[in-house]
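protein29.txt follows; it contains compact mmCIF, C-alpha atoms and all ligand atoms.
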# COMPACT_ATOMS: atom_id res chain seq x y z
CA MET A 14 6.34 -50.33 -18.42
CA GLU A 15 8.56 -47.41 -19.44
CA HIS A 16 7.05 -43.95 -19.18
CA ARG A 17 8.47 -41.05 -21.13
CA ILE A 18 7.05 -37.58 -21.37
CA SER A 19 6.82 -35.79 -24.68
CA GLN A 20 8.31 -32.34 -25.26
CA GLY A 21 4.79 -30.91 -25.18
CA GLN A 22 4.06 -32.58 -21.87
CA PHE A 23 7.38 -31.27 -20.53
CA VAL A 24 6.44 -27.71 -21.52
CA CYS A 25 3.03 -28.10 -19.87
CA LEU A 26 4.65 -29.47 -16.71
CA SER A 27 7.12 -26.57 -16.61
CA LEU A 28 4.31 -24.07 -16.99
CA LEU A 29 2.37 -25.79 -14.23
CA LEU A 30 5.35 -25.63 -11.89
CA LEU A 31 5.85 -21.96 -12.72
CA ALA A 32 2.18 -21.27 -11.98
CA MET A 33 2.47 -23.13 -8.68
CA GLN A 34 5.39 -20.87 -7.74
CA ALA A 35 3.31 -17.79 -8.36
CA ALA A 36 1.16 -16.33 -5.65
CA ALA A 37 -2.57 -16.26 -6.00
CA ASP A 38 -3.65 -12.91 -7.38
CA PRO A 39 -4.43 -10.45 -4.59
CA LEU A 40 -8.15 -10.04 -3.86
CA LEU A 41 -9.71 -7.22 -5.86
CA VAL A 42 -12.71 -4.97 -5.33
CA LYS A 43 -14.56 -3.24 -8.14
CA VAL A 44 -14.79 0.50 -7.70
CA PRO A 45 -17.84 1.88 -9.56
CA PRO A 46 -17.68 4.91 -11.84
CA GLY A 47 -18.57 8.24 -10.30
CA THR A 48 -17.78 11.88 -9.75
CA PHE A 49 -15.76 13.09 -6.80
CA VAL A 50 -13.76 16.04 -5.55
CA LEU A 51 -10.01 15.40 -5.51
CA GLY A 52 -8.15 17.14 -2.72
CA ALA A 53 -9.08 19.69 -0.10
CA ASP A 54 -8.62 23.38 0.60
CA ALA A 55 -5.46 22.83 2.64
CA PRO A 56 -1.72 23.26 2.10
CA ARG A 57 -0.40 20.82 -0.53
CA GLN A 58 -3.85 19.20 -0.80
CA GLY A 59 -5.62 21.54 -3.20
CA PRO A 60 -7.16 23.02 -5.05
CA PRO A 61 -10.29 20.88 -4.70
CA THR A 62 -10.90 19.54 -8.19
CA ARG A 63 -14.05 17.80 -9.42
CA MET A 64 -13.26 14.68 -11.45
CA ASP A 65 -15.17 12.00 -13.32
CA MET A 66 -13.76 8.57 -12.58
CA PRO A 67 -14.27 5.42 -14.64
CA ALA A 68 -14.75 2.04 -12.97
CA PHE A 69 -11.59 0.17 -12.02
CA ALA A 70 -10.43 -2.76 -9.91
CA ILE A 71 -8.10 -2.26 -6.95
CA THR A 72 -6.78 -4.65 -4.32
CA ALA A 73 -8.97 -4.85 -1.25
CA THR A 74 -5.92 -4.75 0.98
CA GLU A 75 -2.35 -3.65 0.96
CA ILE A 76 0.06 -6.13 -0.66
CA THR A 77 1.29 -8.48 2.04
CA VAL A 78 4.58 -9.98 3.12
CA GLY A 79 3.26 -13.32 1.84
CA ASP A 80 2.40 -11.83 -1.56
CA TYR A 81 5.86 -10.31 -1.85
CA ARG A 82 7.59 -13.46 -0.59
CA ALA A 83 6.06 -15.45 -3.47
CA PHE A 84 7.39 -12.88 -5.94
CA VAL A 85 10.92 -12.98 -4.52
CA ALA A 86 10.89 -16.80 -4.42
CA ALA A 87 9.82 -17.02 -8.05
CA THR A 88 12.20 -14.41 -9.44
CA ASP A 89 15.18 -14.00 -7.09
CA TYR A 90 14.41 -10.26 -7.16
CA GLN A 91 15.63 -8.72 -3.93
CA PRO A 92 15.09 -5.15 -2.73
CA PRO A 93 18.28 -3.66 -1.31
CA ALA A 94 18.80 -3.70 2.46
CA GLY A 95 18.12 -0.61 4.52
CA CYS A 96 14.95 0.82 5.96
CA PHE A 97 13.94 4.10 7.58
CA ASP A 98 12.10 3.14 10.73
CA TRP A 99 11.17 3.96 14.31
CA GLN A 100 13.86 2.47 16.52
CA ASP A 101 15.00 3.31 20.04
CA GLY A 102 12.84 6.41 20.23
CA ALA A 103 13.60 8.02 16.89
CA PHE A 104 13.12 7.63 13.16
CA VAL A 105 16.48 6.50 11.81
CA ASP A 106 17.87 4.75 8.76
CA VAL A 107 18.60 1.16 9.76
CA PRO A 108 21.16 -0.15 7.24
CA ASP A 109 20.73 -3.86 7.92
CA SER A 110 16.93 -3.82 8.06
CA ARG A 111 15.07 -5.61 5.29
CA TRP A 112 11.48 -6.22 4.18
CA ASP A 113 11.66 -9.90 5.23
CA ASP A 114 13.38 -9.69 8.60
CA ALA A 115 11.69 -10.33 11.92
CA ARG A 116 11.16 -6.62 12.51
CA HIS A 117 8.79 -6.34 9.56
CA ALA A 118 7.75 -9.84 8.46
CA SER A 119 6.76 -11.76 11.58
CA SER A 120 3.56 -12.73 9.75
CA ASP A 121 2.78 -13.19 6.05
CA ALA A 122 -0.46 -11.27 6.69
CA LEU A 123 1.35 -8.02 7.47
CA PRO A 124 1.66 -5.41 4.73
CA VAL A 125 5.05 -5.57 3.06
CA VAL A 126 7.22 -2.58 4.00
CA CYS A 127 10.81 -1.38 3.50
CA ILE A 128 10.45 -1.45 -0.26
CA ARG A 129 11.17 1.31 -2.73
CA TRP A 130 8.77 2.62 -5.37
CA ALA A 131 10.64 0.53 -7.97
CA ASP A 132 10.29 -2.59 -5.80
CA ALA A 133 6.52 -2.12 -5.80
CA VAL A 134 6.52 -1.65 -9.59
CA ALA A 135 8.65 -4.79 -10.02
CA TYR A 136 6.04 -6.82 -8.11
CA ALA A 137 3.25 -5.37 -10.26
CA ASP A 138 5.17 -6.22 -13.45
CA TRP A 139 5.64 -9.81 -12.24
CA LEU A 140 1.91 -10.20 -11.61
CA SER A 141 1.21 -8.72 -15.04
CA ALA A 142 3.49 -11.23 -16.76
CA ALA A 143 1.85 -14.08 -14.86
CA ASP A 144 -1.79 -13.42 -15.71
CA GLY A 145 -1.75 -11.29 -18.86
CA ALA A 146 -3.60 -8.33 -17.34
CA ARG A 147 -1.78 -5.14 -16.42
CA TRP A 148 -1.22 -4.63 -12.72
CA ARG A 149 0.09 -1.23 -11.65
CA LEU A 150 0.16 1.29 -8.84
CA PRO A 151 -2.96 3.48 -8.68
CA THR A 152 -2.76 7.10 -9.69
CA GLU A 153 -3.28 9.40 -6.75
CA ALA A 154 -6.74 10.31 -8.08
CA GLU A 155 -7.69 6.62 -8.26
CA TRP A 156 -6.28 6.11 -4.78
CA GLU A 157 -8.23 9.02 -3.28
CA TYR A 158 -11.49 8.10 -5.03
CA ALA A 159 -11.19 4.49 -3.83
CA ALA A 160 -10.20 5.53 -0.30
CA LYS A 161 -13.18 7.85 0.03
CA GLY A 162 -15.48 4.93 -0.65
CA ALA A 163 -18.53 6.75 -1.98
CA ASN A 164 -18.23 9.34 0.77
CA SER A 165 -16.34 12.08 -1.03
CA ALA A 166 -17.62 14.97 1.03
CA SER A 167 -16.50 13.86 4.46
CA GLN A 168 -13.58 12.49 6.37
CA PRO A 169 -14.71 9.02 7.47
CA LEU A 170 -12.55 8.84 10.59
CA THR A 171 -13.34 10.31 13.98
CA PRO A 172 -11.13 9.81 17.04
CA ASP A 173 -13.60 7.42 18.64
CA GLY A 174 -14.19 5.44 15.47
CA ALA A 175 -10.69 5.43 14.09
CA CYS A 176 -9.60 2.07 15.46
CA THR A 177 -12.59 0.47 13.75
CA PHE A 178 -11.22 1.48 10.36
CA ALA A 179 -7.53 2.24 10.72
CA ASN A 180 -4.30 1.28 12.44
CA LEU A 181 -2.95 4.65 13.58
CA HIS A 182 -0.90 6.00 16.48
CA ASP A 183 -2.73 4.66 19.51
CA ALA A 184 -2.09 3.28 22.98
CA ALA A 185 -0.33 0.26 21.50
CA SER A 186 2.29 2.37 19.77
CA VAL A 187 2.61 4.63 22.81
CA GLN A 188 3.44 1.60 24.97
CA ALA A 189 6.17 0.72 22.47
CA GLY A 190 7.60 4.23 22.77
CA GLY A 191 6.10 5.45 19.53
CA PRO A 192 6.10 8.99 18.11
CA GLY A 193 5.10 11.80 20.46
CA LEU A 194 1.79 12.68 18.88
CA ASP A 195 -1.48 12.69 20.77
CA PRO A 196 -2.55 9.05 20.50
CA LEU A 197 -6.03 7.99 19.50
CA PRO A 198 -8.21 6.85 22.42
CA CYS A 199 -7.96 3.16 21.57
CA ASP A 200 -5.59 0.22 21.61
CA ASP A 201 -5.50 -2.24 18.71
CA GLY A 202 -2.60 -4.27 20.11
CA TYR A 203 -0.28 -3.43 17.21
CA ALA A 204 2.54 -0.96 17.82
CA LYS A 205 3.50 -0.87 14.13
CA THR A 206 1.94 -2.71 11.16
CA ALA A 207 -1.12 -4.90 11.66
CA PRO A 208 -2.40 -7.81 9.53
CA VAL A 209 -4.26 -6.50 6.48
CA GLY A 210 -8.03 -6.74 6.29
CA GLY A 211 -8.54 -6.92 10.04
CA ARG A 212 -10.58 -3.76 10.22
CA ARG A 213 -13.85 -2.60 8.69
CA ALA A 214 -13.81 -1.93 4.98
CA ASN A 215 -14.87 1.39 3.53
CA GLY A 216 -17.89 1.85 1.26
CA PHE A 217 -16.07 0.38 -1.75
CA GLY A 218 -14.71 -2.62 0.14
CA LEU A 219 -11.16 -1.36 0.71
CA HIS A 220 -9.47 -2.20 4.00
CA ASP A 221 -6.73 -0.09 5.59
CA SER A 222 -6.75 2.61 2.92
CA LEU A 223 -6.12 4.95 5.86
CA GLY A 224 -3.45 3.94 8.34
CA ASN A 225 -1.35 0.78 8.62
CA VAL A 226 1.08 1.81 5.84
CA THR A 227 1.34 4.88 3.64
CA GLU A 228 0.77 3.70 0.08
CA TRP A 229 2.82 4.49 -3.01
CA THR A 230 0.97 5.76 -6.08
CA SER A 231 2.12 6.01 -9.69
CA SER A 232 1.77 9.80 -9.75
CA CYS A 233 4.74 12.15 -10.00
CA TRP A 234 4.77 14.83 -7.30
CA ARG A 235 3.04 18.17 -7.92
CA ASP A 236 2.91 20.89 -5.26
CA ALA A 237 -0.72 21.47 -6.22
CA HIS A 238 -3.20 19.34 -8.16
CA ASP A 239 -3.37 21.96 -10.91
CA SER A 240 0.37 22.58 -11.10
CA PRO A 241 1.81 22.05 -14.59
CA ASP A 242 5.19 21.16 -13.07
CA ALA A 243 5.55 17.48 -12.22
CA ASP A 244 8.62 16.33 -10.29
CA CYS A 245 9.07 12.73 -11.39
CA SER A 246 12.07 12.20 -9.11
CA ARG A 247 9.43 11.88 -6.40
CA HIS A 248 6.15 9.99 -6.28
CA VAL A 249 3.01 10.70 -4.31
CA ALA A 250 2.18 8.49 -1.34
CA ARG A 251 -1.16 8.51 0.43
CA GLY A 252 -3.14 7.40 3.44
CA GLY A 253 -0.90 7.71 6.49
CA ALA A 254 0.44 4.88 8.60
CA TRP A 255 0.60 3.26 12.04
CA LYS A 256 2.72 6.16 13.28
CA ASP A 257 0.30 8.92 12.23
CA ASP A 258 -2.61 10.85 13.69
CA LEU A 259 -5.92 11.59 12.00
CA ALA A 260 -4.62 14.70 10.21
CA GLN A 261 -1.76 12.80 8.64
CA ALA A 262 -4.02 9.94 7.65
CA SER A 263 -6.86 11.73 5.90
CA THR A 264 -8.10 10.82 2.45
CA THR A 265 -6.58 14.03 1.06
CA SER A 266 -3.21 14.26 2.88
CA ARG A 267 -0.28 13.58 0.57
CA VAL A 268 3.48 13.33 0.65
CA GLY A 269 6.09 13.12 -2.10
CA LEU A 270 9.07 10.84 -1.61
CA SER A 271 12.07 9.96 -3.72
CA GLU A 272 11.99 6.66 -5.56
CA ASP A 273 14.79 5.38 -3.31
CA PHE A 274 12.89 6.01 -0.08
CA ARG A 275 11.90 2.89 1.83
CA SER A 276 10.58 2.70 5.33
CA GLY A 277 8.81 0.60 7.89
CA TYR A 278 5.65 2.58 7.27
CA PHE A 279 5.50 2.56 3.45
CA GLY A 280 3.74 -0.11 1.40
CA PHE A 281 1.35 -0.28 -1.54
CA ARG A 282 -1.77 -1.70 -3.15
CA LEU A 283 -2.39 -2.24 -6.86
CA VAL A 284 -4.89 -1.60 -9.63
CA ARG A 285 -5.59 -4.34 -12.18
CA GLU A 286 -6.57 -3.25 -15.66
CA ARG A 287 -8.72 -5.52 -17.79
CA CA A 301 -1.83 0.49 16.26
Would you mind writing the structure in this file as structure tokens?
Ligand SMILES: [Ca+2]
Amino acid sequence: MEHRISQGQFVCLSLLLLAMQAAADPLLVKVPPGTFVLGADAPRQGPPTRMDMPAFAITATEITVGDYRAFVAATDYQPPAGCFDWQDGAFVDVPDSRWDDARHASSDALPVVCIRWADAVAYADWLSAADGARWRLPTEAEWEYAAKGANSASQPLTPDGACTFANLHDAASVQAGGPGLDPLPCDDGYAKTAPVGGRRANGFGLHDSLGNVTEWTSSCWRDAHDSPDADCSRHVARGGAWKDDLAQASTTSRVGLSEDFRSGYFGFRLVRER
């Protein structure tokens, strides 16, 4: 018996194959509405500003190598080579380093790194096209509210407890010749990035909001939260990374980097709008 497929069946089959190429949506947590204080009374972190936040959904973990690999496979999008990273005892620009090489992508469970701000936005736009909802980088206020996890008044990390919640500069990175900061008194076995979700979540269910990788936000840089002057050639990144100490990885510490910056300690998570 001869079997032919109709044009409609062909379209359905094509859509099915496209869907199979797409990654599963990253796991989300619902952040409840509330009031919190953005920032701290510290250089480049203030002034402390009370804010009302609506509810929103944010990924429970940083976007992974596996997530990003599915995007690249489906679209042929490719971030340019080059990555600022710790190598041979110094932070240097490594021209031939890429997000998917063995230095950064030995496991699909690691957070994707070595991507620019635009490469993170491209991934978010791809997810948006696939499921009809808008995926985007969090604003820095959303990021800080979510990272504080219903504990706005205090810094959740202490030196003794830090390894429970965060992959920071510790004995593992010291053994690998990591940056010359005072290491935390623990050893998580990961000199650089660690698989996402392997540590305790905060009060809102976010893993690794502090440490592992510094996370891009959608916000243009301002020297102060109340500054009217936004520098949109740079974007705010938050949370600190595997190379950092507690001060650099607080819920209020912030840096502003050019859109072309990419490094072995920068990644991202996303917000999904309804
Ligand atoms: Ca570590």
Inset, instruction - List all protein, DNA and RNA residues that have an atom no more than 8 Å from any atom of ligand CA 301 (chain A), counting all atoms listed in the file, and report them as a ChimeraX atom specification. - result: /A:176,180-186,200-207,225,255-256
Export of prior selection with C-alpha atoms as a compact mmCIF listing (two decimals), keeping the file's coordinate frame:
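Listing of again-v1.txt after writing:
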# COMPACT_ATOMS: atom_id res chain seq x y z
CA CYS A 176 -9.60 2.07 15.46
CA ASN A 180 -4.30 1.28 12.44
CA LEU A 181 -2.95 4.65 13.58
CA HIS A 182 -0.90 6.00 16.48
CA ASP A 183 -2.73 4.66 19.51
CA ALA A 184 -2.09 3.28 22.98
CA ALA A 185 -0.33 0.26 21.50
CA SER A 186 2.29 2.37 19.77
CA ASP A 200 -5.59 0.22 21.61
CA ASP A 201 -5.50 -2.24 18.71
CA GLY A 202 -2.60 -4.27 20.11
CA TYR A 203 -0.28 -3.43 17.21
CA ALA A 204 2.54 -0.96 17.82
CA LYS A 205 3.50 -0.87 14.13
CA THR A 206 1.94 -2.71 11.16
CA ALA A 207 -1.12 -4.90 11.66
CA ASN A 225 -1.35 0.78 8.62
CA TRP A 255 0.60 3.26 12.04
CA LYS A 256 2.72 6.16 13.28
Legend entry - Residue nearest A:Pro151 - candidates A:Gly277, A:Pro60, A:Arg129, A:Glu286, atoms counted: all atoms listed in the file: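 Among A:Gly277, A:Pro60, A:Arg129, A:Glu286, it is A:Glu286 that comes nearest to A:Pro151.
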Inset, instruction - Rank A:Ala260, A:Leu51, A:Ala86, A:Val134 by their smallest atom-to-atom distance to A:Asp239, using only C-alpha atoms, and report the top residue only. - result: A:Leu51
Inset, instruction - Determine the nearest neighbour of A:Asp54 from the options A:Ser119, A:Thr265, A:Asn215, A:Ser276, counting all atoms listed in the file. - result: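 Looking at the shortest contact to A:Asp54, the residue is A:Thr265.
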Inset, instruction - Return the single residue from A:Arg212, A:His117, A:Arg63, A:Arg251 that is closest to A:Val78, with distances computed using all atoms listed in the file. - result: A:His117
Inset, instruction - Enter the distance from atom CA of A:Pro198 to atom CA of A:Pro172, in Å, rounded to one decimal. - result: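 Straight-line distance from atom CA of A:Pro198 to atom CA of A:Pro172 works out to 6.8 Å.
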Inset, instruction - Choose the residue, out of A:Glu155, A:Asp236, A:Glu272, A:Glu75, that has the smallest atom-to-atom separation from A:Pro45; count only C-alpha atoms. - result: A:Glu155
Inset, instruction - Name all residues at most 7 Å from A:Glu153 (count only C-alpha atoms; drop same-chain ones fewer than 2 positions away) and give them as a ChimeraX atom specification. - result: /A:151,155-157,230,232,249
Inset, instruction - Could you jot down the atom CA of A:Asp113 to atom CA of A:Phe274 separation for me, Å, one decimal place? - result: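 Computing the Euclidean distance for atom CA of A:Asp113 and atom CA of A:Phe274 yields 16.8 Å.
The space separating atom CA of A:Gly102 from atom CA of A:Pro192 comes to 7.5 Å.
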Legend entry - Within 7 Å of A:Ala122 using only C-alpha atoms, minus same-chain residues under 6 positions, as JSON, numbers by chain: {"A": [77, 78, 79, 208, 209]}
